[in-house]
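K.L.:
Contents of upload.cif (mmCIF, C-alpha atoms) are given next:
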```
data_work
#
loop_
_atom_site.label_atom_id
_atom_site.label_comp_id
_atom_site.auth_asym_id
_atom_site.auth_seq_id
_atom_site.Cartn_x
_atom_site.Cartn_y
_atom_site.Cartn_z
CA MET A 15 -30.89 -28.13 -68.76
CA TYR A 16 -28.58 -29.78 -71.27
CA SER A 17 -28.11 -28.53 -74.81
CA SER A 18 -30.17 -30.25 -77.50
CA ARG A 19 -27.30 -30.28 -80.02
CA PHE A 20 -26.16 -33.92 -80.24
CA ILE A 21 -23.90 -35.63 -82.76
CA TYR A 22 -24.62 -39.22 -83.72
CA PHE A 23 -21.53 -41.33 -84.43
CA GLY A 24 -23.14 -44.62 -85.54
CA ALA A 25 -22.18 -47.95 -84.05
CA VAL A 26 -19.16 -46.62 -82.19
CA VAL A 27 -21.39 -44.59 -79.87
CA ALA A 28 -22.61 -47.92 -78.47
CA PHE A 29 -19.26 -47.96 -76.70
CA LEU A 30 -20.33 -45.04 -74.53
CA ALA A 31 -22.14 -47.20 -72.00
CA LEU A 32 -19.02 -49.34 -71.44
CA LEU A 33 -20.60 -52.56 -72.67
CA TRP A 34 -20.71 -54.99 -69.77
CA ILE A 35 -22.40 -58.27 -70.63
CA SER A 36 -25.40 -59.13 -68.51
CA GLN A 37 -25.21 -62.93 -68.36
CA PRO A 38 -24.47 -64.52 -64.95
CA LEU A 39 -20.79 -64.58 -63.98
CA LEU A 40 -18.90 -67.48 -62.49
CA ASN A 41 -17.65 -67.20 -58.94
CA ALA A 42 -14.32 -65.37 -59.15
CA GLN A 43 -12.59 -67.88 -56.90
CA GLN A 44 -13.43 -70.70 -59.33
CA LEU A 45 -11.89 -69.05 -62.38
CA SER A 46 -8.67 -70.35 -63.90
CA GLU A 47 -6.26 -67.86 -65.45
CA GLU A 48 -7.67 -68.55 -68.91
CA SER A 49 -11.25 -68.30 -67.68
CA LEU A 50 -10.47 -65.05 -65.88
CA HIS A 51 -8.91 -63.64 -69.05
CA HIS A 52 -12.03 -64.66 -70.99
CA ARG A 53 -14.41 -63.11 -68.45
CA ILE A 54 -12.46 -59.85 -68.22
CA MET A 55 -12.40 -59.60 -72.00
CA GLU A 56 -16.14 -60.21 -72.20
CA ALA A 57 -16.93 -57.79 -69.39
CA SER A 58 -14.89 -55.02 -71.01
CA GLY A 59 -17.06 -54.87 -74.14
CA PHE A 60 -13.97 -54.05 -76.20
CA GLU A 61 -14.46 -57.01 -78.53
CA HIS A 62 -17.66 -55.35 -79.76
CA ALA A 63 -16.15 -51.86 -79.78
CA LEU A 64 -13.10 -52.98 -81.78
CA SER A 65 -15.29 -54.68 -84.37
CA ASP A 66 -17.30 -51.46 -84.67
CA ILE A 67 -14.12 -49.56 -85.51
CA TRP A 68 -13.71 -51.43 -88.77
CA LEU A 69 -17.43 -51.12 -89.57
CA SER A 70 -17.18 -47.35 -89.14
CA ILE A 71 -14.00 -47.16 -91.23
CA GLU A 72 -15.59 -49.28 -93.94
CA GLN A 73 -18.60 -46.97 -93.98
CA SER A 74 -16.32 -43.94 -94.20
CA ILE A 75 -14.48 -45.48 -97.17
CA GLY A 76 -17.79 -45.92 -98.98
CA GLN A 77 -18.60 -42.23 -98.49
CA THR A 78 -15.29 -40.85 -99.75
CA ASN A 79 -15.12 -39.06 -103.09
CA VAL A 80 -12.47 -41.24 -104.73
CA SER A 81 -12.19 -43.34 -107.88
CA PRO A 82 -13.02 -47.09 -107.79
CA SER A 83 -9.31 -47.98 -107.95
CA GLN A 84 -8.52 -45.56 -105.13
CA ARG A 85 -11.37 -47.01 -103.07
CA ALA A 86 -9.92 -50.47 -103.57
CA THR A 87 -6.57 -49.20 -102.32
CA LEU A 88 -8.22 -47.65 -99.25
CA ASN A 89 -9.92 -50.94 -98.48
CA GLU A 90 -6.63 -52.78 -98.84
CA TRP A 91 -4.68 -50.37 -96.59
CA LEU A 92 -7.29 -49.77 -93.91
CA GLY A 93 -8.58 -53.33 -93.98
CA GLY A 94 -5.07 -54.64 -93.46
CA ALA A 95 -4.54 -52.28 -90.54
CA PHE A 96 -7.96 -52.37 -88.83
CA GLY A 97 -10.03 -55.16 -90.38
CA GLY A 98 -10.60 -58.79 -89.56
CA GLU A 99 -9.74 -60.04 -86.09
CA GLY A 100 -6.43 -58.16 -85.85
CA LEU A 101 -7.55 -55.53 -83.36
CA THR A 102 -9.31 -58.01 -81.12
CA GLU A 103 -6.49 -60.55 -81.14
CA ASN A 104 -3.94 -57.83 -80.36
CA PHE A 105 -6.12 -56.63 -77.48
CA LYS A 106 -6.55 -60.15 -76.09
CA GLU A 107 -2.82 -60.84 -76.23
CA ARG A 108 -1.96 -57.60 -74.46
CA LEU A 109 -4.60 -58.28 -71.81
CA ARG A 110 -3.09 -61.72 -71.24
CA GLU A 111 0.31 -60.10 -70.68
CA HIS A 112 -1.08 -57.60 -68.15
CA LEU A 113 -3.61 -59.80 -66.40
CA ASP A 114 -3.45 -59.54 -62.61
CA LEU A 115 -5.12 -62.63 -61.16
CA HIS A 116 -5.90 -61.12 -57.76
CA LEU A 117 -7.23 -57.79 -59.03
CA GLY A 118 -9.02 -59.45 -61.92
CA ALA A 119 -10.83 -61.74 -59.48
CA GLU A 120 -11.86 -58.65 -57.48
CA VAL A 121 -13.31 -57.12 -60.66
CA ILE A 122 -15.42 -60.21 -61.29
CA ARG A 123 -16.49 -60.27 -57.64
CA PHE A 124 -17.90 -56.75 -57.95
CA LEU A 125 -19.65 -57.54 -61.23
CA ASP A 126 -21.28 -60.55 -59.54
CA SER A 127 -22.56 -58.43 -56.64
CA ASP A 128 -26.06 -56.92 -56.57
CA PRO A 129 -24.86 -53.42 -57.58
CA GLY A 130 -22.65 -54.90 -60.29
CA ARG A 131 -25.47 -56.98 -61.77
CA ILE A 132 -27.85 -54.02 -61.75
CA ILE A 133 -25.25 -51.86 -63.48
CA LEU A 134 -24.65 -54.58 -66.10
CA GLU A 135 -28.32 -55.07 -66.84
CA THR A 136 -29.03 -51.34 -67.02
CA GLU A 137 -26.12 -50.58 -69.35
CA ALA A 138 -27.01 -53.49 -71.62
CA ALA A 139 -30.62 -52.30 -71.85
CA GLN A 140 -29.79 -48.63 -72.51
CA VAL A 141 -26.78 -48.83 -74.79
CA HIS A 142 -28.82 -48.15 -77.93
CA ALA A 143 -30.65 -45.05 -76.70
CA THR A 144 -31.97 -43.05 -79.64
CA GLU A 145 -31.32 -39.39 -80.31
CA ASP A 146 -34.99 -38.63 -79.66
CA GLU A 147 -34.81 -40.35 -76.26
CA LEU A 148 -31.70 -38.39 -75.32
CA PHE A 149 -33.24 -35.15 -76.55
CA ASP A 150 -36.45 -35.66 -74.56
CA PHE A 151 -34.42 -36.54 -71.48
CA SER A 152 -32.23 -33.44 -71.89
CA GLN A 153 -35.31 -31.23 -71.93
CA SER A 154 -36.76 -32.62 -68.70
CA PHE A 155 -33.67 -33.36 -66.61
CA GLU A 156 -32.53 -30.59 -64.26
CA PRO A 157 -28.96 -31.37 -63.11
CA GLY A 158 -28.98 -28.60 -60.52
CA SER A 159 -32.13 -29.70 -58.72
CA ARG A 160 -31.85 -31.03 -55.17
CA GLN A 161 -32.90 -34.57 -56.12
CA ASN A 162 -30.51 -34.78 -59.09
CA ARG A 163 -27.39 -33.14 -57.68
CA ARG A 164 -26.04 -36.33 -56.07
CA ARG A 165 -26.89 -38.39 -59.17
CA VAL A 166 -24.95 -35.98 -61.37
CA GLU A 167 -22.00 -36.02 -58.96
CA LEU A 168 -21.84 -39.83 -58.92
CA THR A 169 -22.31 -40.11 -62.67
CA ARG A 170 -19.41 -37.71 -63.17
CA GLN A 171 -17.27 -39.87 -60.87
CA ILE A 172 -18.25 -42.95 -62.87
CA LEU A 173 -17.55 -41.18 -66.15
CA ASP A 174 -14.07 -40.25 -64.95
CA GLY A 175 -13.44 -43.60 -63.30
CA THR A 176 -14.34 -45.66 -66.37
CA ARG A 177 -12.36 -43.39 -68.73
CA THR A 178 -15.40 -43.59 -71.02
CA LEU A 179 -14.90 -40.15 -72.58
CA ASP A 180 -11.17 -40.73 -73.08
CA ASN A 181 -11.73 -44.12 -74.68
CA THR A 182 -14.52 -42.86 -76.91
CA VAL A 183 -12.38 -39.96 -78.14
CA ILE A 184 -9.44 -42.31 -78.74
CA ILE A 185 -11.57 -44.60 -80.89
CA LEU A 186 -13.26 -41.85 -82.89
CA HIS A 187 -9.99 -39.97 -83.35
CA SER A 188 -8.31 -43.12 -84.64
CA ILE A 189 -11.10 -43.64 -87.17
CA TYR A 190 -11.17 -40.07 -88.48
CA SER A 191 -7.44 -39.39 -88.50
CA ASN A 192 -6.46 -42.67 -90.15
CA VAL A 193 -9.15 -42.45 -92.82
CA MET A 194 -7.95 -38.90 -93.46
CA ARG A 195 -4.35 -40.10 -93.76
CA ALA A 196 -5.27 -42.86 -96.21
CA VAL A 197 -7.55 -40.70 -98.37
CA HIS A 198 -4.94 -37.96 -98.56
CA SER A 199 -2.29 -40.50 -99.57
CA VAL A 200 -4.30 -41.84 -102.53
CA GLN A 201 -5.48 -38.44 -103.71
CA ALA A 202 -2.68 -35.92 -103.21
CA PRO A 203 0.11 -35.65 -105.79
CA GLU A 204 3.56 -36.46 -104.41
CA ASP A 205 4.62 -32.82 -104.28
CA ARG A 206 1.50 -31.84 -102.28
CA ARG A 207 1.42 -34.56 -99.65
CA MET A 208 1.24 -33.48 -96.02
CA SER A 209 4.38 -33.79 -93.99
CA GLU A 210 4.21 -35.79 -90.76
CA GLU A 211 4.31 -32.48 -88.86
CA ASP A 212 1.35 -31.10 -90.80
CA PHE A 213 -0.58 -34.33 -90.30
CA ALA A 214 0.13 -34.29 -86.56
CA TYR A 215 -1.17 -30.71 -86.35
CA THR A 216 -4.37 -31.51 -88.27
CA SER A 217 -4.86 -34.70 -86.30
CA GLY A 218 -4.53 -32.72 -83.07
CA LEU A 219 -7.26 -30.35 -84.22
CA ILE A 220 -9.54 -33.31 -84.91
CA ARG A 221 -8.91 -34.69 -81.43
CA THR A 222 -9.67 -31.36 -79.77
CA GLN A 223 -12.88 -31.02 -81.74
CA LEU A 224 -13.97 -34.53 -80.75
CA GLU A 225 -13.25 -33.87 -77.09
CA ASN A 226 -15.37 -30.71 -77.22
CA GLN A 227 -18.20 -32.38 -79.12
CA MET A 228 -18.34 -35.57 -77.11
CA SER A 229 -17.90 -34.26 -73.56
CA GLU A 230 -21.49 -33.17 -73.04
CA TYR A 231 -22.88 -36.01 -75.12
CA VAL A 232 -21.15 -38.76 -73.13
CA MET A 233 -22.22 -37.27 -69.82
CA LEU A 234 -25.81 -36.96 -71.00
CA ASN A 235 -25.78 -40.53 -72.28
CA MET A 236 -24.58 -41.77 -68.88
CA LEU A 237 -27.14 -39.71 -66.98
CA TYR A 238 -29.85 -41.16 -69.19
CA THR A 239 -28.56 -44.70 -68.69
CA TYR A 240 -28.41 -44.38 -64.89
CA ARG A 241 -31.52 -42.23 -64.49
CA ASP A 242 -33.52 -44.89 -62.60
CA ILE A 243 -30.72 -46.69 -60.75
CA ASP A 244 -30.85 -46.44 -56.97
CA ILE A 245 -28.31 -43.95 -55.65
CA SER A 246 -26.81 -46.61 -53.36
CA TYR A 247 -25.86 -48.71 -56.39
CA LEU A 248 -24.19 -45.74 -58.05
CA GLU A 249 -22.29 -45.10 -54.83
CA SER A 250 -21.11 -48.72 -54.80
CA TYR A 251 -20.06 -48.47 -58.44
CA ALA A 252 -18.12 -45.23 -57.87
CA ALA A 253 -16.41 -46.74 -54.82
CA TYR A 254 -15.45 -49.85 -56.79
CA LEU A 255 -13.96 -47.74 -59.60
CA SER A 256 -11.69 -45.97 -57.10
CA SER A 257 -10.57 -49.26 -55.52
CA PRO A 258 -7.27 -50.96 -56.53
CA ALA A 259 -9.22 -53.48 -58.64
CA GLY A 260 -11.31 -50.81 -60.38
CA LEU A 261 -8.28 -48.61 -61.06
CA TRP A 262 -6.32 -51.58 -62.42
CA TYR A 263 -9.19 -52.61 -64.66
CA THR A 264 -9.93 -49.26 -66.28
CA GLU A 265 -6.31 -48.11 -66.59
CA THR A 266 -5.13 -51.44 -68.00
CA LEU A 267 -7.86 -51.54 -70.63
CA HIS A 268 -7.36 -47.86 -71.48
CA ASN A 269 -3.61 -48.36 -72.02
CA ILE A 270 -4.16 -51.53 -74.05
CA LEU A 271 -6.67 -49.72 -76.27
CA GLN A 272 -4.18 -46.95 -76.95
CA ASN A 273 -1.42 -49.41 -77.83
CA VAL A 274 -3.65 -51.51 -80.07
CA LEU A 275 -4.72 -48.47 -82.08
CA VAL A 276 -1.12 -47.22 -82.36
CA ASP A 277 -0.13 -50.66 -83.69
CA SER A 278 -2.85 -50.43 -86.34
CA GLU A 279 -1.85 -46.88 -87.27
CA ASN A 280 1.74 -48.06 -87.71
CA ARG A 281 0.56 -50.88 -89.99
CA LEU A 282 -1.34 -48.34 -92.07
CA LYS A 283 1.68 -46.03 -92.32
CA ALA A 284 3.90 -48.96 -93.36
CA ALA A 285 1.44 -49.92 -96.12
CA ILE A 286 1.31 -46.32 -97.39
CA ASP A 287 5.12 -46.01 -97.31
CA GLN A 288 5.45 -49.24 -99.27
CA TYR A 289 2.91 -48.00 -101.82
CA ASN A 290 4.76 -44.71 -102.23
CA GLY A 291 7.99 -46.67 -102.55
#
```
Have the structure of the file written as structure tokens, please.
P.N.:
Amino acid sequence: MYSSRFIYFGAVVAFLALLWISQPLLNAQQLSEESLHHRIMEASGFEHALSDIWLSIEQSIGQTNVSPSQRATLNEWLGGAFGGEGLTENFKERLREHLDLHLGAEVIRFLDSDPGRIILETEAAQVHATEDELFDFSQSFEPGSRQNRRRVELTRQILDGTRTLDNTVIILHSIYSNVMRAVHSVQAPEDRRMSEEDFAYTSGLIRTQLENQMSEYVMLNMLYTYRDIDISYLESYAAYLSSPAGLWYTETLHNILQNVLVDSENRLKAAIDQYNG
């Protein structure tokens, strides 16, 4: 039985189900390069996830114990680095640079198959599972039982294949570490500011804590999402994720996400350096 200790991370947790859209997809062979780019971007769900990053940062700013003028500075710094359409446009441009027409068409072909459509519809329906629903499920689900063993195995393969835990940790770590950097910069006197080495150490601790906290939660969320899906569909999904198209898709999006967040972190650091003059 899974532990009942869950941590709720607001809108960003919606990313856990790897938001595929559930509307009908065009035949992959009919897609132009621009249409393929558009469909891959939509299927990834990252446009929603990237928007949620700024919403979470904005919420964090509102909860910080700073003066009104310091809060205005935080909004200016973090909004310039993470707000607006900057994250999404950066992601789209990088995807355009790394788009593989053949493999991208294979991705769309899977999503348009029966297993792909079922996966899409199920993830879209379950992405906003409540804590109570997850708790009740955790109390009744026995991962070691004969009937659930194969489901757990396939869900673990899907979790690894989609890089869902990695991507979730990357997003949450970016939010927490960059808000921490900005708050520290407006509050700490010049002679007490953290060095880059100290910040890197603290940031690493945050990342480790997130990985530990989220590992069980993400797996449980996926098991809940896929609890009623036919095993054959999960087998098709796991096989697709290990195919050249599936590997290209998840690795490309994972790498783009990392680069986009590094770009935003660099914009934040540049704004802070300019402020400190």
K.L.:
List the residues matched by the PyMOL selection byres ((chain A and resi 80-84) around 12) in the displayed structure as a PyMOL selection string, ordered by chain and then by residue number.
P.N.:
chain A and resi 74-79+85-91+196-202
K.L.:
Selected by the PyMOL selection byres ((chain A and resi 263) around 9) in the shown coordinates: which residues, as a PyMOL selection string?
P.N.:
chain A and resi 54+58+117-118+121+176+255+258-262+264-268
K.L.:
Residues at most 10 Å from range 161-165 of chain A, counting only C-alpha atoms, excluding those fewer than 2 positions away in the same chain, as a JSON list (two decimals) with C-alpha atoms, in the frame of the given file?
P.N.:
```
[["chain", "number", "residue", "atom", "x", "y", "z"],
["A", 155, "PHE", "CA", -33.67, -33.36, -66.61],
["A", 156, "GLU", "CA", -32.53, -30.59, -64.26],
["A", 157, "PRO", "CA", -28.96, -31.37, -63.11],
["A", 158, "GLY", "CA", -28.98, -28.60, -60.52],
["A", 159, "SER", "CA", -32.13, -29.70, -58.72],
["A", 167, "GLU", "CA", -22.00, -36.02, -58.96],
["A", 168, "LEU", "CA", -21.84, -39.83, -58.92],
["A", 169, "THR", "CA", -22.31, -40.11, -62.67],
["A", 170, "ARG", "CA", -19.41, -37.71, -63.17],
["A", 171, "GLN", "CA", -17.27, -39.87, -60.87],
["A", 237, "LEU", "CA", -27.14, -39.71, -66.98],
["A", 240, "TYR", "CA", -28.41, -44.38, -64.89],
["A", 241, "ARG", "CA", -31.52, -42.23, -64.49],
["A", 242, "ASP", "CA", -33.52, -44.89, -62.60],
["A", 243, "ILE", "CA", -30.72, -46.69, -60.75],
["A", 244, "ASP", "CA", -30.85, -46.44, -56.97],
["A", 245, "ILE", "CA", -28.31, -43.95, -55.65],
["A", 248, "LEU", "CA", -24.19, -45.74, -58.05],
["A", 249, "GLU", "CA", -22.29, -45.10, -54.83]]
```
K.L.:
Given the choices A:Ile270, A:Leu224, A:Leu173, A:Ala252, which gets closest to Ile189 in chain A if the distance is worked out from all atoms listed in the file?
P.N.:
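Nearest to Ile189 in chain A: A:Leu224.
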K.L.:
Mind checking which residues fall within 8 Å of Ile220 in chain A, counting all atoms listed in the file, ignoring those fewer than 5 positions away in the same chain, and posting them as a ChimeraX atom specification?
P.N.:
/A:187,190-191
K.L.:
Run the PyMOL selection byres ((chain A and resi 272-289) around 7) on the file and write out the hits as a list in words.
P.N.:
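For this structure, the PyMOL selection byres ((chain A and resi 272-289) around 7) captures Trp91, Leu92, Ala95, Phe96, Leu101, Asn104, Phe105, Ser188, Asn192, His268, Asn269, Ile270, Leu271, Asn290 and Gly291 of chain A.
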K.L.:
CA of Glu48 in chain A and CA of Gly98 in chain A, how far apart in Å?
P.N.:
23.0 Å
K.L.:
One decimal, in Å: what's the spacing between CA of Arg110 in chain A and CA of Glu56 in chain A?
P.N.:
13.2 Å
